[in-house]
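> Dumping the structure here so I can ask a few things about it.
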Amino acid sequence: MRRFGSRSAGVPALFGAVLGGLCILPVPAAQAAPLPWAPAPVNSCGEAGFDPRTRERDPALPPPAVVLPERIDIPVPIPQLTPITVPGPEPDKTRIDPGPPAADPCHTPCPEVRDIAKPPAPNPDPSPFPDTGTPPEPSSAAPITLPRIEFKPEIEPIPVPVPGGPGIAPQPAPPLAIHPAEPGPLAAPVAEPRVTSVELAGQVTGHGSQNRTDLRWQVDGTDLGVMWETKPGEVAVVFGDTFGKGWQVGGAGHDDQDWRSNVLGYSTDHELSDGMSLDAMVQDSRCHAAEILASRKLKNWETTTIPTSGFALGDRQYLSYMSVNRWSRIPGLWSNNYGGLAYSDDNGRTWTKDQHAKWDNLFGVGRFQVAAMVPQGDYVYMFGTPNGRVGVIGLARVTKDEVLNTSAYQYWVNGTWAPAAENQATPLFPGLASEVSVRYDRDNAQWQMVYLDSGRGAIVVRNAAQPQGSWTEAAQLLSTADYPRAYGGFIHPWSTGKDLYFTISSWDSYNVYLMHAQLDSAN
(Lines give C-alpha, C1' and ligand atoms only; values in the text may rest on other atoms or scores of the structure.)
Protein backbone atom coordinates (compact mmCIF):
# COMPACT_ATOMS: atom_id res chain seq x y z
CA MET A 1 0.00 0.00 0.00
CA ARG A 2 1.37 3.43 -0.90
CA ARG A 3 1.77 5.47 2.25
CA PHE A 4 3.02 8.79 1.01
CA GLY A 5 0.95 9.70 -2.02
CA SER A 6 -0.14 13.09 -0.71
CA ARG A 7 2.79 14.30 1.36
CA SER A 8 4.55 16.26 -1.34
CA ALA A 9 2.46 15.58 -4.38
CA GLY A 10 2.67 19.13 -5.58
CA VAL A 11 2.48 22.80 -4.75
CA PRO A 12 0.00 24.87 -6.72
CA ALA A 13 1.23 27.96 -8.48
CA LEU A 14 -1.82 29.79 -7.17
CA PHE A 15 -3.07 29.16 -3.67
CA GLY A 16 -5.38 31.04 -1.35
CA ALA A 17 -6.02 30.53 2.35
CA VAL A 18 -7.20 32.29 5.46
CA LEU A 19 -5.10 31.46 8.52
CA GLY A 20 -5.73 32.80 11.99
CA GLY A 21 -7.50 35.87 10.67
CA LEU A 22 -4.68 36.64 8.26
CA CYS A 23 -5.79 36.66 4.64
CA ILE A 24 -3.25 35.13 2.30
CA LEU A 25 -4.02 36.19 -1.26
CA PRO A 26 -2.92 34.18 -4.27
CA VAL A 27 0.25 35.51 -5.86
CA PRO A 28 1.14 34.33 -9.35
CA ALA A 29 4.60 32.81 -9.59
CA ALA A 30 6.93 34.25 -12.19
CA GLN A 31 7.32 31.54 -14.82
CA ALA A 32 9.81 31.23 -17.63
CA ALA A 33 9.04 29.52 -20.92
CA PRO A 34 9.66 25.76 -20.90
CA LEU A 35 13.19 24.79 -21.81
CA PRO A 36 13.68 23.06 -25.16
CA TRP A 37 13.39 19.29 -25.08
CA ALA A 38 16.65 17.52 -24.24
CA PRO A 39 17.52 13.89 -23.50
CA ALA A 40 17.90 12.84 -19.89
CA PRO A 41 21.21 13.96 -18.35
CA VAL A 42 23.88 11.31 -17.82
CA ASN A 43 26.59 11.05 -15.19
CA SER A 44 30.26 10.31 -15.82
CA CYS A 45 29.46 6.61 -15.93
CA GLY A 46 26.93 7.06 -18.74
CA GLU A 47 23.91 6.38 -16.51
CA ALA A 48 20.78 8.39 -17.23
CA GLY A 49 19.46 10.60 -14.47
CA PHE A 50 16.56 13.00 -14.05
CA ASP A 51 15.92 16.60 -15.00
CA PRO A 52 13.57 18.40 -12.59
CA ARG A 53 12.94 21.35 -14.91
CA THR A 54 9.97 22.01 -17.17
CA ARG A 55 10.85 21.10 -20.74
CA GLU A 56 9.01 20.96 -24.00
CA ARG A 57 7.65 17.61 -25.10
CA ASP A 58 9.93 15.31 -27.08
CA PRO A 59 9.22 16.26 -30.71
CA ALA A 60 9.78 12.63 -31.75
CA LEU A 61 6.73 11.53 -29.77
CA PRO A 62 3.31 11.53 -31.42
CA PRO A 63 0.82 14.13 -30.21
CA PRO A 64 -0.85 13.01 -27.00
CA ALA A 65 -4.26 11.48 -27.52
CA VAL A 66 -7.17 12.68 -25.43
CA VAL A 67 -8.78 9.45 -24.32
CA LEU A 68 -10.89 8.77 -21.27
CA PRO A 69 -9.46 6.30 -18.75
CA GLU A 70 -10.96 2.85 -18.66
CA ARG A 71 -11.45 2.90 -14.90
CA ILE A 72 -11.73 5.38 -12.05
CA ASP A 73 -10.93 4.03 -8.59
CA ILE A 74 -12.72 5.44 -5.56
CA PRO A 75 -10.88 4.51 -2.34
CA VAL A 76 -13.07 3.16 0.44
CA PRO A 77 -11.50 3.15 3.91
CA ILE A 78 -11.77 -0.22 5.65
CA PRO A 79 -11.13 0.07 9.41
CA GLN A 80 -8.77 -2.58 10.71
CA LEU A 81 -7.72 -3.07 14.32
CA THR A 82 -3.94 -3.18 14.32
CA PRO A 83 -1.94 -4.06 17.45
CA ILE A 84 1.04 -1.83 18.27
CA THR A 85 3.44 -2.70 21.08
CA VAL A 86 3.97 -0.13 23.84
CA PRO A 87 6.71 0.54 24.62
CA GLY A 88 8.19 -0.03 21.20
CA PRO A 89 11.33 -1.99 20.45
CA GLU A 90 14.77 -0.50 20.84
CA PRO A 91 16.06 0.98 17.59
CA ASP A 92 18.52 -1.09 15.60
CA LYS A 93 21.89 0.63 15.91
CA THR A 94 23.88 -1.90 13.92
CA ARG A 95 26.59 -0.02 12.03
CA ILE A 96 29.51 -1.02 9.82
CA ASP A 97 32.62 0.80 8.68
CA PRO A 98 32.60 0.79 4.88
CA GLY A 99 35.81 0.04 3.07
CA PRO A 100 37.70 2.62 1.02
CA PRO A 101 36.00 3.79 -2.18
CA ALA A 102 36.92 2.00 -5.38
CA ALA A 103 39.55 3.58 -7.60
CA ASP A 104 37.11 3.38 -10.50
CA PRO A 105 34.10 5.59 -9.69
CA CYS A 106 32.00 3.58 -12.16
CA HIS A 107 32.77 0.29 -10.43
CA THR A 108 29.73 -1.41 -8.89
CA PRO A 109 30.79 -1.78 -5.25
CA CYS A 110 28.42 -4.55 -4.19
CA PRO A 111 27.29 -6.63 -7.17
CA GLU A 112 25.92 -9.24 -4.78
CA VAL A 113 23.61 -6.57 -3.32
CA ARG A 114 22.71 -4.63 -6.44
CA ASP A 115 24.13 -5.03 -9.90
CA ILE A 116 23.92 -2.41 -12.61
CA ALA A 117 20.35 -2.33 -13.83
CA LYS A 118 18.21 -0.29 -16.14
CA PRO A 119 17.19 2.99 -14.54
CA PRO A 120 13.63 3.42 -13.32
CA ALA A 121 12.05 4.97 -16.39
CA PRO A 122 10.53 8.39 -15.80
CA ASN A 123 7.15 8.94 -17.39
CA PRO A 124 6.98 12.45 -18.86
CA ASP A 125 3.25 12.17 -19.41
CA PRO A 126 1.66 10.50 -16.36
CA SER A 127 -1.11 8.29 -17.62
CA PRO A 128 -4.58 7.91 -16.13
CA PHE A 129 -4.72 4.34 -17.42
CA PRO A 130 -3.93 2.10 -14.44
CA ASP A 131 -3.90 -1.22 -16.24
CA THR A 132 -1.28 -0.62 -18.94
CA GLY A 133 -0.23 2.98 -18.50
CA THR A 134 -0.84 3.46 -22.23
CA PRO A 135 -4.02 4.82 -23.79
CA PRO A 136 -5.59 2.85 -26.58
CA GLU A 137 -5.15 4.09 -30.11
CA PRO A 138 -7.89 6.59 -30.93
CA SER A 139 -10.37 5.57 -33.54
CA SER A 140 -12.84 7.87 -35.21
CA ALA A 141 -15.23 4.95 -35.62
CA ALA A 142 -15.06 3.78 -32.00
CA PRO A 143 -17.87 4.96 -29.74
CA ILE A 144 -16.99 7.00 -26.67
CA THR A 145 -16.98 4.71 -23.65
CA LEU A 146 -17.37 6.21 -20.21
CA PRO A 147 -14.93 4.94 -17.60
CA ARG A 148 -16.20 2.34 -15.20
CA ILE A 149 -16.28 3.29 -11.53
CA GLU A 150 -14.73 0.84 -9.10
CA PHE A 151 -14.54 1.02 -5.34
CA LYS A 152 -11.06 0.21 -4.09
CA PRO A 153 -10.79 -1.01 -0.49
CA GLU A 154 -8.07 0.76 1.46
CA ILE A 155 -7.04 -0.39 4.92
CA GLU A 156 -7.37 2.31 7.58
CA PRO A 157 -5.43 1.08 10.64
CA ILE A 158 -6.94 1.59 14.06
CA PRO A 159 -3.94 1.18 16.37
CA VAL A 160 -4.54 -0.90 19.48
CA PRO A 161 -1.75 -0.64 22.08
CA VAL A 162 -0.58 -3.97 23.48
CA PRO A 163 2.17 -4.65 26.04
CA GLY A 164 5.63 -4.70 24.51
CA GLY A 165 9.07 -5.51 25.82
CA PRO A 166 11.13 -3.44 28.23
CA GLY A 167 11.71 -0.77 25.59
CA ILE A 168 14.17 2.08 25.94
CA ALA A 169 15.26 2.99 29.46
CA PRO A 170 13.59 6.15 30.80
CA GLN A 171 15.67 9.32 30.66
CA PRO A 172 15.72 11.71 33.62
CA ALA A 173 13.63 14.81 33.08
CA PRO A 174 15.44 18.16 33.03
CA PRO A 175 14.72 20.65 35.82
CA LEU A 176 12.12 23.34 35.29
CA ALA A 177 13.95 26.40 33.99
CA ILE A 178 11.58 29.24 33.13
CA HIS A 179 13.58 32.37 32.33
CA PRO A 180 12.05 35.84 32.78
CA ALA A 181 10.95 37.84 29.77
CA GLU A 182 13.56 39.98 28.03
CA PRO A 183 13.29 42.66 25.35
CA GLY A 184 13.80 41.55 21.74
CA PRO A 185 13.36 44.64 19.55
CA LEU A 186 13.37 44.52 15.79
CA ALA A 187 16.59 45.47 14.05
CA ALA A 188 16.80 48.00 11.25
CA PRO A 189 16.00 46.52 7.83
CA VAL A 190 18.84 45.35 5.61
CA ALA A 191 19.04 45.47 1.83
CA GLU A 192 16.78 43.08 0.00
CA PRO A 193 18.52 40.15 -1.70
CA ARG A 194 18.69 40.48 -5.47
CA VAL A 195 18.77 37.18 -7.30
CA THR A 196 20.79 37.52 -10.49
CA SER A 197 20.76 33.86 -11.59
CA VAL A 198 19.68 30.40 -10.43
CA GLU A 199 21.09 27.25 -12.00
CA LEU A 200 20.76 23.53 -11.45
CA ALA A 201 24.18 22.46 -10.15
CA GLY A 202 23.54 18.73 -10.22
CA GLN A 203 21.51 15.70 -9.18
CA VAL A 204 22.55 14.57 -5.70
CA THR A 205 20.69 11.27 -5.29
CA GLY A 206 19.18 8.46 -7.33
CA HIS A 207 20.02 6.65 -10.54
CA GLY A 208 22.22 8.69 -12.82
CA SER A 209 23.43 11.02 -10.07
CA GLN A 210 27.12 11.68 -9.73
CA ASN A 211 26.93 9.91 -6.36
CA ARG A 212 25.28 6.74 -7.75
CA THR A 213 23.40 6.42 -4.47
CA ASP A 214 21.25 3.58 -5.80
CA LEU A 215 24.25 1.30 -6.29
CA ARG A 216 26.43 2.50 -3.42
CA TRP A 217 23.82 2.72 -0.64
CA GLN A 218 20.47 1.45 -1.99
CA VAL A 219 19.09 4.97 -2.11
CA ASP A 220 16.97 4.97 -5.28
CA GLY A 221 14.36 7.52 -4.24
CA THR A 222 14.57 10.05 -1.42
CA ASP A 223 13.98 13.72 -0.60
CA LEU A 224 14.95 16.78 1.48
CA GLY A 225 18.76 16.91 1.82
CA VAL A 226 18.98 18.94 5.05
CA MET A 227 22.59 20.06 5.69
CA TRP A 228 24.79 21.34 8.50
CA GLU A 229 28.50 21.46 9.29
CA THR A 230 29.45 18.66 11.70
CA LYS A 231 33.06 19.83 12.06
CA PRO A 232 35.42 21.99 10.02
CA GLY A 233 35.59 20.62 6.49
CA GLU A 234 32.62 18.21 6.75
CA VAL A 235 28.92 18.61 6.08
CA ALA A 236 26.20 16.15 7.07
CA VAL A 237 23.34 15.66 4.60
CA VAL A 238 20.20 14.01 5.96
CA PHE A 239 17.37 12.79 3.77
CA GLY A 240 13.71 11.97 4.39
CA ASP A 241 11.71 8.85 3.51
CA THR A 242 14.05 6.70 1.44
CA PHE A 243 13.38 3.73 -0.85
CA GLY A 244 15.65 1.18 -2.47
CA LYS A 245 15.25 -1.87 -4.64
CA GLY A 246 11.87 -2.02 -6.36
CA TRP A 247 11.16 1.71 -6.12
CA GLN A 248 9.73 3.26 -9.28
CA VAL A 249 9.63 6.86 -10.45
CA GLY A 250 6.53 8.81 -9.49
CA GLY A 251 6.75 9.94 -5.87
CA ALA A 252 7.49 8.13 -2.64
CA GLY A 253 7.42 4.36 -2.64
CA HIS A 254 5.80 1.43 -0.90
CA ASP A 255 6.40 -0.39 2.35
CA ASP A 256 8.13 -3.29 0.62
CA GLN A 257 10.68 -1.18 -1.31
CA ASP A 258 13.41 -1.05 1.35
CA TRP A 259 11.70 1.82 3.11
CA ARG A 260 13.77 3.81 5.63
CA SER A 261 12.34 6.92 7.27
CA ASN A 262 15.63 8.76 6.94
CA VAL A 263 19.29 8.27 6.00
CA LEU A 264 22.41 10.37 6.49
CA GLY A 265 25.48 11.04 4.35
CA TYR A 266 28.64 13.13 4.56
CA SER A 267 30.26 15.52 2.11
CA THR A 268 33.61 17.30 2.05
CA ASP A 269 33.02 18.77 -1.40
CA HIS A 270 33.92 22.47 -1.52
CA GLU A 271 33.51 22.88 -5.28
CA LEU A 272 29.73 22.96 -5.48
CA SER A 273 29.22 24.68 -8.82
CA ASP A 274 29.13 21.24 -10.54
CA GLY A 275 27.09 19.48 -7.86
CA MET A 276 27.72 17.97 -4.44
CA SER A 277 29.65 14.74 -3.95
CA LEU A 278 28.79 12.43 -1.07
CA ASP A 279 31.81 10.67 0.44
CA ALA A 280 29.98 8.19 2.65
CA MET A 281 26.69 7.30 4.29
CA VAL A 282 25.91 5.78 7.67
CA GLN A 283 25.55 2.07 6.87
CA ASP A 284 24.08 -0.93 8.66
CA SER A 285 25.33 -3.47 6.08
CA ARG A 286 27.36 -3.51 2.90
CA CYS A 287 26.16 -0.88 0.44
CA HIS A 288 23.07 -0.13 2.51
CA ALA A 289 22.31 3.21 4.15
CA ALA A 290 20.94 2.81 7.67
CA GLU A 291 17.80 4.38 9.07
CA ILE A 292 19.14 6.74 11.71
CA LEU A 293 15.89 7.74 13.48
CA ALA A 294 13.50 4.82 13.84
CA SER A 295 9.75 5.10 13.35
CA ARG A 296 6.85 2.74 14.05
CA LYS A 297 5.67 2.89 10.42
CA LEU A 298 2.00 2.59 11.27
CA LYS A 299 -0.53 5.08 9.95
CA ASN A 300 -2.58 6.84 12.66
CA TRP A 301 0.13 6.06 15.24
CA GLU A 302 3.47 7.07 13.82
CA THR A 303 3.84 6.80 10.07
CA THR A 304 7.41 8.10 9.90
CA THR A 305 9.99 10.41 11.45
CA ILE A 306 11.32 13.20 9.21
CA PRO A 307 14.44 15.29 9.97
CA THR A 308 13.89 19.03 9.58
CA SER A 309 17.26 20.59 10.55
CA GLY A 310 20.62 19.75 12.08
CA PHE A 311 23.34 21.56 14.00
CA ALA A 312 26.45 20.87 16.06
CA LEU A 313 27.37 22.08 19.54
CA GLY A 314 30.92 20.99 20.22
CA ASP A 315 31.26 17.29 19.47
CA ARG A 316 27.52 16.60 19.82
CA GLN A 317 25.27 16.62 16.76
CA TYR A 318 21.58 17.51 17.01
CA LEU A 319 18.63 16.82 14.73
CA SER A 320 15.20 18.38 14.91
CA TYR A 321 12.58 16.04 13.52
CA MET A 322 8.84 15.60 13.24
CA SER A 323 6.91 12.49 14.24
CA VAL A 324 4.25 12.19 11.53
CA ASN A 325 0.97 10.62 12.59
CA ARG A 326 -0.41 10.45 9.06
CA TRP A 327 -0.20 12.10 5.66
CA SER A 328 -3.35 13.75 4.33
CA ARG A 329 -4.98 13.01 0.98
CA ILE A 330 -4.77 16.76 0.40
CA PRO A 331 -1.31 17.62 -1.00
CA GLY A 332 0.85 19.60 1.38
CA LEU A 333 -1.08 18.67 4.54
CA TRP A 334 -0.19 16.17 7.24
CA SER A 335 -0.69 15.61 10.98
CA ASN A 336 2.15 15.36 13.46
CA ASN A 337 2.31 13.73 16.85
CA TYR A 338 5.04 16.14 17.93
CA GLY A 339 8.24 17.89 16.91
CA GLY A 340 11.32 16.64 18.72
CA LEU A 341 15.07 16.67 19.15
CA ALA A 342 17.60 13.85 18.85
CA TYR A 343 21.34 13.89 19.47
CA SER A 344 24.42 11.93 18.47
CA ASP A 345 27.78 11.66 20.22
CA ASP A 346 29.50 9.66 17.46
CA ASN A 347 29.28 12.19 14.61
CA GLY A 348 25.91 11.00 13.40
CA ARG A 349 26.39 7.21 13.28
CA THR A 350 23.81 6.54 16.00
CA TRP A 351 21.16 8.81 17.46
CA THR A 352 19.12 9.09 20.65
CA LYS A 353 15.69 10.69 20.66
CA ASP A 354 15.42 12.83 23.76
CA GLN A 355 12.27 11.71 25.59
CA HIS A 356 11.56 15.18 26.98
CA ALA A 357 12.64 17.54 24.18
CA LYS A 358 9.28 17.45 22.42
CA TRP A 359 6.72 20.01 21.31
CA ASP A 360 3.38 18.19 21.39
CA ASN A 361 0.86 18.88 18.65
CA LEU A 362 -2.10 19.35 20.95
CA PHE A 363 -5.33 19.57 18.92
CA GLY A 364 -3.18 19.79 15.80
CA VAL A 365 -2.30 23.48 16.30
CA GLY A 366 1.29 23.29 17.58
CA ARG A 367 3.33 26.19 16.19
CA PHE A 368 6.76 24.51 16.34
CA GLN A 369 6.11 21.17 14.69
CA VAL A 370 8.59 21.66 11.85
CA ALA A 371 11.71 23.38 13.15
CA ALA A 372 14.88 24.88 11.69
CA MET A 373 17.47 25.38 14.46
CA VAL A 374 20.59 27.54 14.20
CA PRO A 375 23.26 28.18 16.87
CA GLN A 376 24.60 31.73 17.03
CA GLY A 377 26.28 33.52 19.91
CA ASP A 378 25.04 32.26 23.27
CA TYR A 379 21.78 30.88 21.87
CA VAL A 380 20.25 28.31 19.60
CA TYR A 381 17.42 29.90 17.62
CA MET A 382 14.42 27.81 16.58
CA PHE A 383 12.31 28.88 13.60
CA GLY A 384 9.08 26.87 13.63
CA THR A 385 5.98 26.23 11.55
CA PRO A 386 2.91 24.06 12.14
CA ASN A 387 2.51 20.68 10.47
CA GLY A 388 1.67 21.01 6.80
CA ARG A 389 2.30 23.89 4.45
CA VAL A 390 -0.45 26.27 5.59
CA GLY A 391 1.31 28.10 8.39
CA VAL A 392 3.45 31.05 9.42
CA ILE A 393 6.92 31.16 11.01
CA GLY A 394 7.41 31.65 14.75
CA LEU A 395 10.71 32.08 16.59
CA ALA A 396 12.17 30.86 19.88
CA ARG A 397 15.59 30.83 21.48
CA VAL A 398 17.38 28.88 24.20
CA THR A 399 20.85 28.99 25.70
CA LYS A 400 23.14 26.37 24.19
CA ASP A 401 23.52 24.41 27.43
CA GLU A 402 19.72 24.08 27.80
CA VAL A 403 18.82 23.07 24.25
CA LEU A 404 17.15 19.82 25.42
CA ASN A 405 15.08 21.58 28.10
CA THR A 406 11.84 22.81 26.52
CA SER A 407 10.91 24.82 29.63
CA ALA A 408 13.99 27.01 29.09
CA TYR A 409 12.91 28.25 25.67
CA GLN A 410 11.83 31.85 25.20
CA TYR A 411 9.43 32.70 22.36
CA TRP A 412 9.44 35.95 20.45
CA VAL A 413 6.11 37.68 21.16
CA ASN A 414 5.58 41.26 19.98
CA GLY A 415 9.15 42.38 20.66
CA THR A 416 9.70 40.36 23.83
CA TRP A 417 11.45 37.05 24.48
CA ALA A 418 8.70 35.45 26.59
CA PRO A 419 8.77 32.13 28.47
CA ALA A 420 6.15 29.42 27.99
CA ALA A 421 4.52 31.18 25.05
CA GLU A 422 4.85 28.64 22.23
CA ASN A 423 1.48 29.25 20.62
CA GLN A 424 1.59 33.02 21.19
CA ALA A 425 4.74 33.49 19.10
CA THR A 426 4.40 36.44 16.73
CA PRO A 427 4.72 35.57 13.03
CA LEU A 428 8.01 36.93 11.68
CA PHE A 429 6.21 38.18 8.58
CA PRO A 430 2.86 37.56 6.83
CA GLY A 431 2.49 34.75 4.33
CA LEU A 432 2.71 30.99 4.14
CA ALA A 433 6.00 29.22 4.76
CA SER A 434 7.21 25.64 5.04
CA GLU A 435 10.47 23.69 4.76
CA VAL A 436 12.26 26.60 6.40
CA SER A 437 16.07 26.70 6.30
CA VAL A 438 18.16 29.41 7.98
CA ARG A 439 21.85 30.28 8.23
CA TYR A 440 23.85 33.08 9.80
CA ASP A 441 26.33 34.71 7.43
CA ARG A 442 29.27 35.83 9.58
CA ASP A 443 30.89 37.73 6.73
CA ASN A 444 27.87 40.01 6.29
CA ALA A 445 26.57 39.70 9.87
CA GLN A 446 23.16 38.85 8.44
CA TRP A 447 20.63 36.05 8.68
CA GLN A 448 19.53 34.30 5.50
CA MET A 449 16.29 32.32 5.23
CA VAL A 450 15.06 30.09 2.40
CA TYR A 451 11.63 28.46 2.39
CA LEU A 452 8.78 27.22 0.24
CA ASP A 453 5.96 29.74 -0.18
CA SER A 454 3.07 27.56 -1.33
CA GLY A 455 0.81 30.58 -1.74
CA ARG A 456 3.21 32.00 -4.29
CA GLY A 457 4.27 28.68 -5.79
CA ALA A 458 7.93 29.50 -5.26
CA ILE A 459 11.03 28.88 -3.17
CA VAL A 460 12.16 32.26 -1.86
CA VAL A 461 14.92 33.95 0.16
CA ARG A 462 14.87 36.73 2.77
CA ASN A 463 17.57 38.50 4.81
CA ALA A 464 17.62 40.13 8.26
CA ALA A 465 20.09 41.63 10.73
CA GLN A 466 18.52 39.75 13.67
CA PRO A 467 16.62 36.46 13.77
CA GLN A 468 13.42 38.26 14.82
CA GLY A 469 13.78 40.70 11.92
CA SER A 470 12.98 43.02 10.37
CA TRP A 471 13.02 40.54 7.48
CA THR A 472 13.24 41.80 3.93
CA GLU A 473 10.63 41.12 1.31
CA ALA A 474 10.96 37.68 -0.25
CA ALA A 475 12.99 37.34 -3.44
CA GLN A 476 12.08 34.43 -5.68
CA LEU A 477 14.73 31.75 -6.22
CA LEU A 478 12.66 29.43 -8.37
CA SER A 479 9.07 28.83 -9.39
CA THR A 480 7.35 25.51 -8.96
CA ALA A 481 6.01 26.09 -12.46
CA ASP A 482 9.56 25.90 -13.81
CA TYR A 483 10.48 23.06 -11.43
CA PRO A 484 7.21 21.10 -11.29
CA ARG A 485 6.17 19.83 -7.87
CA ALA A 486 9.43 20.98 -6.30
CA TYR A 487 9.73 21.51 -2.56
CA GLY A 488 12.39 22.02 0.08
CA GLY A 489 15.01 24.71 -0.21
CA PHE A 490 17.64 23.65 2.35
CA ILE A 491 20.73 25.85 2.54
CA HIS A 492 24.24 24.44 2.23
CA PRO A 493 26.18 25.78 5.25
CA TRP A 494 29.13 26.84 3.08
CA SER A 495 27.02 29.27 1.10
CA THR A 496 28.02 32.92 1.09
CA GLY A 497 26.18 36.20 0.72
CA LYS A 498 26.81 36.04 -3.03
CA ASP A 499 26.71 32.28 -3.75
CA LEU A 500 23.73 30.52 -2.25
CA TYR A 501 23.62 26.75 -2.63
CA PHE A 502 20.48 24.87 -1.60
CA THR A 503 18.81 21.53 -2.18
CA ILE A 504 15.37 20.97 -3.62
CA SER A 505 13.31 17.82 -4.07
CA SER A 506 11.19 16.91 -7.06
CA TRP A 507 8.14 14.82 -6.26
CA ASP A 508 7.85 13.26 -9.71
CA SER A 509 11.41 11.91 -9.78
CA TYR A 510 11.49 11.77 -5.95
CA ASN A 511 15.13 12.71 -5.66
CA VAL A 512 17.30 15.59 -4.46
CA TYR A 513 19.06 18.28 -6.53
CA LEU A 514 21.59 20.98 -5.66
CA MET A 515 20.81 24.50 -6.85
CA HIS A 516 23.15 27.49 -7.16
CA ALA A 517 21.80 31.03 -6.86
CA GLN A 518 23.97 34.08 -7.38
CA LEU A 519 22.94 37.06 -5.27
CA ASP A 520 23.77 40.73 -5.54
CA SER A 521 22.88 42.15 -2.15
CA ALA A 522 24.31 45.25 -0.55
CA ASN A 523 25.47 44.89 3.03
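Each chain of the C-alpha coordinates is named A, B, ... in the order shown, its residues numbered from 1; ligands are numbered from 1 in display order.
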Quick one: residues within 9 Å of Thr406 (chain A), only C-alpha atoms, excluding same-chain residues fewer than 3 positions away - as a PyMOL selection string?
chain A and resi 174+176-177+356-359+398+402-403+409+420
> Where in region 431-509 of chain A does DSSP assign strand (DSSP E or B), given as a VMD selection string?
chain A and resid 434 to 441 446 to 453 458 to 464 475 to 479 486 to 491 499 to 506
> Do you have the CA of Thr205 (chain A)-CA of Asp346 (chain A) distance handy?
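It comes out at 24.5 Å.
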> What separation in Å, quoted to one decimal, exists between CA of Val113 (chain A) and CA of Thr303 (chain A)?
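Answer for the CA of Val113 (chain A) to CA of Thr303 (chain A) separation: 27.4 Å.
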> Between CA of Val235 (chain A) and CA of Ser495 (chain A), what distance in Å does the model show, to one decimal?
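Separation of CA of Val235 (chain A) and CA of Ser495 (chain A): 11.9 Å.
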> Kindly indicate which residue among A:Glu154, A:Glu422, A:Glu229, A:Asp115 lies nearest to Arg216 (chain A), using only C-alpha atoms for the distances.
A:Asp115
> Set out as a Markdown table a contact list for region 376-455 of chain A and region 327-338 of chain A with a cut-off of 10 Å, giving each residue of region 376-455 of chain A that qualifies its closest atom pair and distance in Å to one decimal, counting only C-alpha atoms, ordered by chain and rising residue number.

| residue | atom | partner | partner_atom | distance |
| --- | --- | --- | --- | --- |
| A:Pro386 | CA | A:Asn336 | CA | 8.8 |
| A:Asn387 | CA | A:Ser335 | CA | 6.0 |
| A:Gly388 | CA | A:Leu333 | CA | 4.3 |
| A:Arg389 | CA | A:Gly332 | CA | 5.5 |
| A:Val390 | CA | A:Leu333 | CA | 7.7 |
| A:Ser434 | CA | A:Gly332 | CA | 9.5 |
| A:Ser454 | CA | A:Gly332 | CA | 8.7 |
> Would you please give, as a list in words, all residues of region 121-284 of chain A that DSSP assigns to helix (DSSP H, G or I) based on the backbone?
Thr213, Asp214, Leu215, Arg216 and Trp217 of chain A
> May I have the residues within 9 Å of Pro39 (chain A) as a list in words, using only C-alpha atoms and disregarding those fewer than 3 positions away in the same chain?
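Those residues are Val42, Ala48 and Asp58 of chain A.
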> Which of these, A:Gly469, A:Val392, A:Gly225, A:Thr196, has the shortest distance to His516 (chain A) once you count only C-alpha atoms?
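When distances to His516 (chain A) are compared using only C-alpha atoms, the smallest one comes from A:Thr196.
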> For Pro232 (chain A), which residue among A:Pro52, A:Asn405, A:Gly206, A:Pro493 is the nearest when counting only C-alpha atoms?
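That would be A:Pro493, the residue with the smallest distance to Pro232 (chain A).
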